[in-house]
$ cat model26.tsv   # TSV, C-alpha atoms
chain	number	residue	atom	x	y	z
V	1	MET	CA	125.48	104.80	100.22
V	2	ASN	CA	122.15	103.01	100.46
V	3	THR	CA	120.17	103.61	103.64
V	4	PRO	CA	117.20	101.60	104.90
V	5	HIS	CA	113.75	103.02	104.24
V	6	LYS	CA	110.34	101.55	104.90
V	7	HIS	CA	110.69	97.84	104.08
V	8	PRO	CA	111.09	96.66	101.35
V	9	GLY	CA	112.14	100.12	100.19
V	10	HIS	CA	115.48	101.86	100.27
V	11	SER	CA	116.77	105.32	99.41
V	12	ALA	CA	119.89	106.12	97.41
V	13	THR	CA	121.14	109.60	96.55
V	14	VAL	CA	121.61	109.85	92.79
V	15	ASN	CA	122.55	113.14	91.11
V	16	GLY	CA	121.42	114.94	94.27
V	17	LEU	CA	118.05	113.13	94.35
V	18	PRO	CA	117.11	110.82	97.26
V	19	MET	CA	115.54	108.12	95.08
V	20	TYR	CA	113.24	105.51	96.57
V	21	TYR	CA	113.58	101.97	95.26
V	22	GLU	CA	112.55	98.44	96.13
V	23	ILE	CA	114.15	95.10	95.36
V	24	HIS	CA	111.99	92.00	95.04
V	25	GLY	CA	112.90	88.42	94.16
V	26	SER	CA	116.14	87.13	92.70
V	27	GLY	CA	117.62	86.30	89.35
V	28	THR	CA	118.40	88.46	86.33
V	29	PRO	CA	118.01	92.19	87.18
V	30	LEU	CA	114.79	93.73	85.87
V	31	VAL	CA	114.11	97.46	86.26
V	32	LEU	CA	110.51	98.72	86.42
V	33	LEU	CA	109.77	102.34	85.43
V	34	HIS	CA	106.31	103.63	86.37
V	35	GLY	CA	104.10	106.00	84.41
V	36	GLY	CA	103.58	109.72	84.90
V	37	GLY	CA	101.65	110.69	88.02
V	38	SER	CA	102.20	107.18	89.32
V	39	THR	CA	103.99	105.01	91.85
V	40	ILE	CA	105.47	101.53	91.80
V	41	ARG	CA	102.20	100.13	93.15
V	42	SER	CA	99.80	102.06	90.94
V	43	THR	CA	101.58	101.02	87.73
V	44	PHE	CA	102.97	97.57	88.52
V	45	GLY	CA	101.11	96.33	91.59
V	46	ARG	CA	99.26	93.66	89.62
V	47	ILE	CA	102.22	92.12	87.76
V	48	LEU	CA	105.23	92.81	90.02
V	49	PRO	CA	104.79	89.70	92.22
V	50	ASP	CA	104.81	87.40	89.20
V	51	LEU	CA	107.83	89.13	87.65
V	52	ALA	CA	109.69	88.77	90.96
V	53	LYS	CA	109.31	84.98	90.84
V	54	THR	CA	112.01	84.75	88.17
V	55	HIS	CA	113.85	88.10	88.32
V	56	GLN	CA	115.55	90.44	90.73
V	57	VAL	CA	113.07	93.28	90.30
V	58	ILE	CA	114.40	96.78	90.93
V	59	ALA	CA	111.31	99.01	91.09
V	60	LEU	CA	111.90	102.71	91.65
V	61	GLU	CA	110.09	106.00	91.93
V	62	LEU	CA	111.40	108.93	89.90
V	63	GLN	CA	111.72	112.54	91.02
V	64	ALA	CA	108.55	113.94	92.67
V	65	HIS	CA	106.77	110.58	92.39
V	66	GLY	CA	105.66	108.44	95.31
V	67	HIS	CA	108.25	108.24	98.07
V	68	THR	CA	110.87	110.15	96.06
V	69	PRO	CA	110.78	113.90	96.77
V	70	ASP	CA	110.86	116.80	94.36
V	71	ILE	CA	114.24	118.56	94.56
V	72	GLY	CA	113.37	121.62	92.56
V	73	ARG	CA	114.95	120.80	89.23
V	74	PRO	CA	112.87	120.48	86.04
V	75	LEU	CA	111.80	116.99	85.01
V	76	SER	CA	112.98	115.51	81.74
V	77	PHE	CA	113.10	112.00	80.39
V	78	GLU	CA	116.83	112.43	79.83
V	79	GLN	CA	117.40	113.36	83.48
V	80	ASP	CA	115.23	110.45	84.61
V	81	ALA	CA	117.36	108.12	82.49
V	82	ASP	CA	120.57	109.45	84.02
V	83	ASP	CA	119.10	109.03	87.52
V	84	VAL	CA	118.23	105.40	86.84
V	85	ALA	CA	121.70	104.75	85.41
V	86	ALA	CA	123.27	106.29	88.53
V	87	LEU	CA	121.13	104.08	90.78
V	88	LEU	CA	122.14	100.93	88.90
V	89	LYS	CA	125.79	101.93	89.22
V	90	GLN	CA	125.37	102.31	92.99
V	91	LEU	CA	123.74	98.88	93.11
V	92	HIS	CA	126.66	97.41	91.11
V	93	ILE	CA	124.33	96.29	88.32
V	94	ASP	CA	126.18	96.39	85.02
V	95	LYS	CA	123.29	95.25	82.80
V	96	ALA	CA	119.56	94.83	83.29
V	97	ASP	CA	116.32	94.26	81.46
V	98	VAL	CA	114.05	97.31	81.58
V	99	ILE	CA	110.26	97.59	81.52
V	100	GLY	CA	108.83	101.08	81.14
V	101	PHE	CA	105.16	102.03	81.04
V	102	SER	CA	103.89	105.28	79.49
V	103	ASN	CA	106.26	108.08	80.62
V	104	GLY	CA	108.42	105.29	82.06
V	105	GLY	CA	108.67	103.82	78.57
V	106	THR	CA	110.02	107.09	77.22
V	107	THR	CA	112.54	107.10	80.07
V	108	ALA	CA	113.45	103.52	79.13
V	109	LEU	CA	114.10	104.67	75.57
V	110	GLN	CA	116.41	107.39	76.88
V	111	ILE	CA	118.30	104.86	79.00
V	112	ALA	CA	118.87	102.74	75.89
V	113	ILE	CA	120.00	105.85	73.97
V	114	ARG	CA	122.18	107.44	76.66
V	115	HIS	CA	123.42	104.34	78.52
V	116	PRO	CA	123.22	101.50	75.97
V	117	ALA	CA	125.66	99.23	77.81
V	118	LEU	CA	123.23	99.05	80.76
V	119	VAL	CA	120.32	97.61	78.79
V	120	ASN	CA	119.90	93.95	77.99
V	121	LYS	CA	116.29	93.73	76.78
V	122	LEU	CA	113.59	96.43	76.66
V	123	VAL	CA	109.85	96.24	77.16
V	124	LEU	CA	108.20	99.47	76.02
V	125	ALA	CA	104.57	99.66	77.11
V	126	SER	CA	102.39	102.52	75.79
V	127	THR	CA	105.56	104.43	74.96
V	128	LEU	CA	105.75	107.81	73.22
V	129	TYR	CA	108.67	108.78	71.01
V	130	LYS	CA	107.02	111.35	68.74
V	131	ARG	CA	104.46	113.98	69.67
V	132	ASP	CA	102.07	112.95	66.89
V	133	GLY	CA	101.81	109.51	68.48
V	134	MET	CA	99.14	110.74	70.90
V	135	GLN	CA	95.45	110.81	70.13
V	136	PRO	CA	94.21	114.02	68.46
V	137	GLY	CA	93.52	116.74	71.00
V	138	PHE	CA	95.91	115.40	73.63
V	139	TRP	CA	98.35	118.32	73.50
V	140	ASP	CA	95.57	120.93	73.54
V	141	GLY	CA	94.16	119.19	76.60
V	142	MET	CA	97.57	119.11	78.27
V	143	GLN	CA	97.75	122.90	77.94
V	144	GLN	CA	94.59	123.11	80.08
V	145	ALA	CA	95.41	120.28	82.50
V	146	SER	CA	94.62	120.71	86.19
V	147	LEU	CA	94.92	118.46	89.21
V	148	GLU	CA	91.13	118.09	89.21
V	149	HIS	CA	91.45	116.01	86.04
V	150	MET	CA	93.87	113.50	87.62
V	151	PRO	CA	92.21	110.10	88.20
V	152	GLN	CA	91.35	109.58	91.85
V	153	PRO	CA	93.14	106.21	92.13
V	154	LEU	CA	96.40	107.91	91.15
V	155	LYS	CA	95.84	110.66	93.72
V	156	ASP	CA	95.15	108.06	96.41
V	157	ALA	CA	98.24	106.03	95.48
V	158	TYR	CA	100.44	109.11	95.72
V	159	ARG	CA	99.02	110.11	99.12
V	160	GLU	CA	99.54	106.57	100.40
V	161	ALA	CA	103.23	106.85	99.52
V	162	ASN	CA	103.68	110.51	100.46
V	163	PRO	CA	101.29	112.37	102.79
V	164	ASP	CA	102.88	115.78	102.04
V	165	PRO	CA	99.86	117.96	101.15
V	166	LYS	CA	101.91	119.96	98.64
V	167	GLY	CA	103.57	116.95	97.06
V	168	LEU	CA	100.69	115.86	94.85
V	169	GLN	CA	100.37	119.26	93.19
V	170	ALA	CA	104.15	119.45	92.74
V	171	MET	CA	104.20	116.06	91.02
V	172	PHE	CA	101.31	117.01	88.76
V	173	ASP	CA	102.93	120.31	87.77
V	174	ARG	CA	106.27	118.62	87.06
V	175	ASP	CA	104.65	115.96	84.91
V	176	VAL	CA	102.62	118.47	82.89
V	177	ALA	CA	105.71	120.63	82.29
V	178	ARG	CA	107.74	117.59	81.24
V	179	MET	CA	105.11	116.53	78.73
V	180	LEU	CA	104.69	120.01	77.27
V	181	ALA	CA	108.48	120.25	76.84
V	182	PHE	CA	108.72	116.82	75.19
V	183	GLN	CA	110.42	116.81	71.80
V	184	ASP	CA	110.41	114.05	69.20
V	185	ILE	CA	113.18	111.50	69.57
V	186	SER	CA	115.01	111.32	66.26
V	187	ASP	CA	114.69	108.30	64.00
V	188	ALA	CA	118.48	107.94	64.04
V	189	LYS	CA	118.55	107.58	67.84
V	190	ILE	CA	115.77	104.98	67.78
V	191	GLN	CA	117.45	103.06	64.97
V	192	ALA	CA	120.71	102.98	66.94
V	193	ILE	CA	119.13	100.99	69.81
V	194	GLN	CA	120.45	97.45	69.56
V	195	SER	CA	118.63	95.91	72.53
V	196	PRO	CA	115.95	93.34	71.68
V	197	THR	CA	112.66	95.10	72.38
V	198	LEU	CA	109.04	94.14	73.00
V	199	VAL	CA	106.63	96.98	72.17
V	200	ILE	CA	103.21	96.70	73.83
V	201	ASN	CA	100.19	98.97	73.39
V	202	GLY	CA	96.49	99.06	74.05
V	203	ALA	CA	94.22	99.02	71.03
V	204	ALA	CA	92.11	101.92	72.34
V	205	GLU	CA	94.23	104.29	74.39
V	206	VAL	CA	95.95	107.67	74.44
V	207	VAL	CA	99.05	106.35	72.64
V	208	GLN	CA	97.89	105.38	69.18
V	209	ALA	CA	98.39	101.76	68.15
V	210	GLU	CA	99.79	103.03	64.84
V	211	HIS	CA	102.51	104.83	66.82
V	212	ALA	CA	103.48	101.58	68.54
V	213	LEU	CA	103.61	99.87	65.16
V	214	ALA	CA	105.86	102.61	63.78
V	215	LEU	CA	108.15	102.36	66.83
V	216	SER	CA	108.43	98.59	66.41
V	217	HIS	CA	109.40	99.08	62.76
V	218	MET	CA	111.93	101.77	63.64
V	219	LEU	CA	113.75	99.64	66.23
V	220	PRO	CA	116.21	97.16	64.72
V	221	HIS	CA	115.24	94.18	66.92
V	222	ALA	CA	111.61	94.59	67.96
V	223	GLN	CA	108.45	92.57	68.42
V	224	LEU	CA	104.97	94.10	68.74
V	225	ALA	CA	101.86	93.20	70.70
V	226	ILE	CA	98.62	95.20	70.52
V	227	LEU	CA	96.27	94.22	73.35
V	228	PRO	CA	92.56	94.90	73.88
V	229	GLY	CA	91.61	97.85	76.04
V	230	GLY	CA	92.91	101.19	77.17
V	231	HIS	CA	96.01	102.72	78.73
V	232	GLY	CA	97.57	100.18	81.08
V	233	ASP	CA	94.56	97.84	81.12
V	234	TYR	CA	96.79	95.05	79.83
V	235	ILE	CA	99.08	95.18	82.89
V	236	GLY	CA	96.33	95.82	85.42
V	237	GLU	CA	97.38	99.42	86.08
V	238	ILE	CA	95.41	100.91	88.97
V	239	CYS	CA	92.98	102.76	86.67
V	240	ALA	CA	92.22	99.66	84.59
V	241	VAL	CA	88.55	99.31	83.73
V	242	ASP	CA	88.37	95.62	84.76
V	243	PRO	CA	90.52	94.84	87.82
V	244	HIS	CA	89.74	91.13	87.40
V	245	SER	CA	90.74	90.86	83.74
V	246	PRO	CA	92.84	87.79	82.89
V	247	ILE	CA	94.82	89.75	80.29
V	248	PRO	CA	97.56	90.99	82.69
V	249	ALA	CA	98.45	87.37	83.48
V	250	LEU	CA	98.71	86.66	79.75
V	251	VAL	CA	100.87	89.77	79.22
V	252	THR	CA	103.13	88.84	82.13
V	253	ALA	CA	103.64	85.39	80.59
V	254	MET	CA	104.41	87.04	77.24
V	255	ILE	CA	106.94	89.39	78.87
V	256	GLU	CA	108.56	86.45	80.67
V	257	ALA	CA	108.83	84.48	77.41
V	258	PHE	CA	110.44	87.49	75.73
V	259	LEU	CA	112.91	88.19	78.54
V	260	ASN	CA	113.88	84.56	78.98
V	261	GLY	CA	113.97	83.69	75.28
$ encode --input "model26.tsv" --output "structure tokens"
Amino acid sequence: MNTPHKHPGHSATVNGLPMYYEIHGSGTPLVLLHGGGSTIRSTFGRILPDLAKTHQVIALELQAHGHTPDIGRPLSFEQDADDVAALLKQLHIDKADVIGFSNGGTTALQIAIRHPALVNKLVLASTLYKRDGMQPGFWDGMQQASLEHMPQPLKDAYREANPDPKGLQAMFDRDVARMLAFQDISDAKIQAIQSPTLVINGAAEVVQAEHALALSHMLPHAQLAILPGGHGDYIGEICAVDPHSPIPALVTAMIEAFLNG
């Protein structure tokens, strides 16, 4: 049963998790999956209003992120995928387009693998499917990660959504553990995804452009776009170097053309 939350948000209990979600606009359902350490606003705040002009946008916050609490179970991309599928079932959505950024892109891949009937088209932005897709040194750095290293805009966005003083550390710890536990997704599982897919990546970011190219070749029905800049710059993510860049508007138009084509 869906219960009202702070407008425009709602909460639905899925697999024991009180998941926060928002619905914007109308039209074909479009699910937005934020990045690690992030919220709906910090990942998609720049492009969500434009996407909502032509879609029913279902934006959600996964376990321990933003308004959604941590319930004490380990994080995994597979569990995240099952949570999203359960939410869509509650909302009586049989099929949706899915946009995932960063960790949200890996969750989107798992939705397409575990719940293929739910997915119409996929947009995979800065998405990891093999550990060697990250820049050299990433995994060594993750072993030493501490909350001090988290970008301040992401900390502020979390605190805006959830003032719990212990929540930010809990989210950080969950995300680090999930990344360290990440295992390569097999080529066979990627090759089995039949949804048309748009793969997007920054030219100079933590996910290597060569990894995005390899993913686009592995998927049976994929297109690829490599954009200037770093991680999330092309969608105006909250840590983007240039908050006034025109590129997010271009990328939104490209996503719209892909989804509506």
$ residues_around --input "model26.tsv" --residues "V:Arg178" --least-positions-apart "5" --cutoff "9 Å" --atoms "only C-alpha atoms" --output "PyMOL selection string"
chain V and resi 74-77+173
$ axis_aligned_box --input "model26.tsv" --around "stretch 198-207 of chain V" --padding-each-side "6 Å" --output "lines of an AutoDock Vina configuration file"
center_x = 100.6
center_y = 100.9
center_z = 72.7
size_x = 28.9
size_y = 25.5
size_z = 15.4
$ atom_distance --input "model26.tsv" --atom1 "atom CA of V:Leu122" --atom2 "atom CA of V:Val98"
5.0 Å
$ residues_around --input "model26.tsv" --residues "V:Trp139" --least-positions-apart "2" --cutoff "12 Å" --atoms "all atoms listed in the file" --output "MDAnalysis selection string"
chainID V and resid 131:137 141:145 176:177 179:182 206
$ residues_around --input "model26.tsv" --residues "V:Leu168" --least-positions-apart "6" --cutoff "12 Å" --atoms "only C-alpha atoms" --output "ChimeraX atom specification"
/V:37-39,64-70,146-148,150,152,154-162,174-175
$ residues_around --input "model26.tsv" --residues "V:Ile58" --least-positions-apart "2" --cutoff "8 Å" --atoms "all atoms listed in the file" --output "list in words"
Tyr21, Glu22, Ile23, His24, Pro29, Leu30, Val31, Leu32, Gln56 and Leu60 of chain V
$ residues_around --input "model26.tsv" --residues "V:Thr54" --least-positions-apart "4" --cutoff "9 Å" --atoms "all atoms listed in the file" --output "PyMOL selection string"
chain V and resi 25-28+50+256
$ closest_residue --input "model26.tsv" --among "V:Ile113, V:Phe101, V:Ile226, V:Val119" --to "V:Ala188" --atoms "all atoms listed in the file"
V:Ile113
$ build_atoms --input "model26.tsv" --residues "stretch 93-111 of chain V" --atoms "N, CA and C atoms" --output "short mmCIF file (atom, residue, chain, number, x, y, z; two decimals), in the coordinates of the input"
data_model
loop_
_atom_site.label_atom_id
_atom_site.label_comp_id
_atom_site.auth_asym_id
_atom_site.auth_seq_id
_atom_site.Cartn_x
_atom_site.Cartn_y
_atom_site.Cartn_z
N ILE V 93 125.00 97.02 89.39
CA ILE V 93 124.33 96.29 88.32
C ILE V 93 124.85 96.82 87.00
N ASP V 94 125.55 95.97 86.28
CA ASP V 94 126.18 96.39 85.02
C ASP V 94 125.23 96.31 83.82
N LYS V 95 124.22 95.43 83.92
CA LYS V 95 123.29 95.25 82.80
C LYS V 95 121.97 94.73 83.34
N ALA V 96 120.88 95.23 82.81
CA ALA V 96 119.56 94.83 83.29
C ALA V 96 118.56 94.87 82.15
N ASP V 97 117.50 94.09 82.30
CA ASP V 97 116.32 94.26 81.46
C ASP V 97 115.53 95.44 82.02
N VAL V 98 114.79 96.12 81.16
CA VAL V 98 114.05 97.31 81.58
C VAL V 98 112.64 97.26 81.03
N ILE V 99 111.65 97.43 81.92
CA ILE V 99 110.26 97.59 81.52
C ILE V 99 109.83 99.01 81.87
N GLY V 100 109.34 99.74 80.89
CA GLY V 100 108.83 101.08 81.14
C GLY V 100 107.42 101.21 80.62
N PHE V 101 106.55 101.81 81.43
CA PHE V 101 105.16 102.03 81.04
C PHE V 101 104.90 103.53 80.87
N SER V 102 104.30 103.90 79.74
CA SER V 102 103.89 105.28 79.49
C SER V 102 105.10 106.22 79.59
N ASN V 103 105.08 107.22 80.46
CA ASN V 103 106.26 108.08 80.62
C ASN V 103 107.49 107.25 80.97
N GLY V 104 107.30 106.18 81.73
CA GLY V 104 108.42 105.29 82.06
C GLY V 104 109.00 104.61 80.83
N GLY V 105 108.17 104.39 79.82
CA GLY V 105 108.67 103.82 78.57
C GLY V 105 109.56 104.80 77.83
N THR V 106 109.17 106.08 77.85
CA THR V 106 110.02 107.09 77.22
C THR V 106 111.34 107.21 77.97
N THR V 107 111.30 107.12 79.30
CA THR V 107 112.54 107.10 80.07
C THR V 107 113.38 105.88 79.70
N ALA V 108 112.73 104.72 79.53
CA ALA V 108 113.45 103.52 79.13
C ALA V 108 114.16 103.71 77.79
N LEU V 109 113.46 104.37 76.85
CA LEU V 109 114.10 104.67 75.57
C LEU V 109 115.35 105.52 75.77
N GLN V 110 115.26 106.52 76.64
CA GLN V 110 116.41 107.39 76.88
C GLN V 110 117.55 106.65 77.57
N ILE V 111 117.23 105.68 78.42
CA ILE V 111 118.30 104.86 79.00
C ILE V 111 119.03 104.09 77.90
#
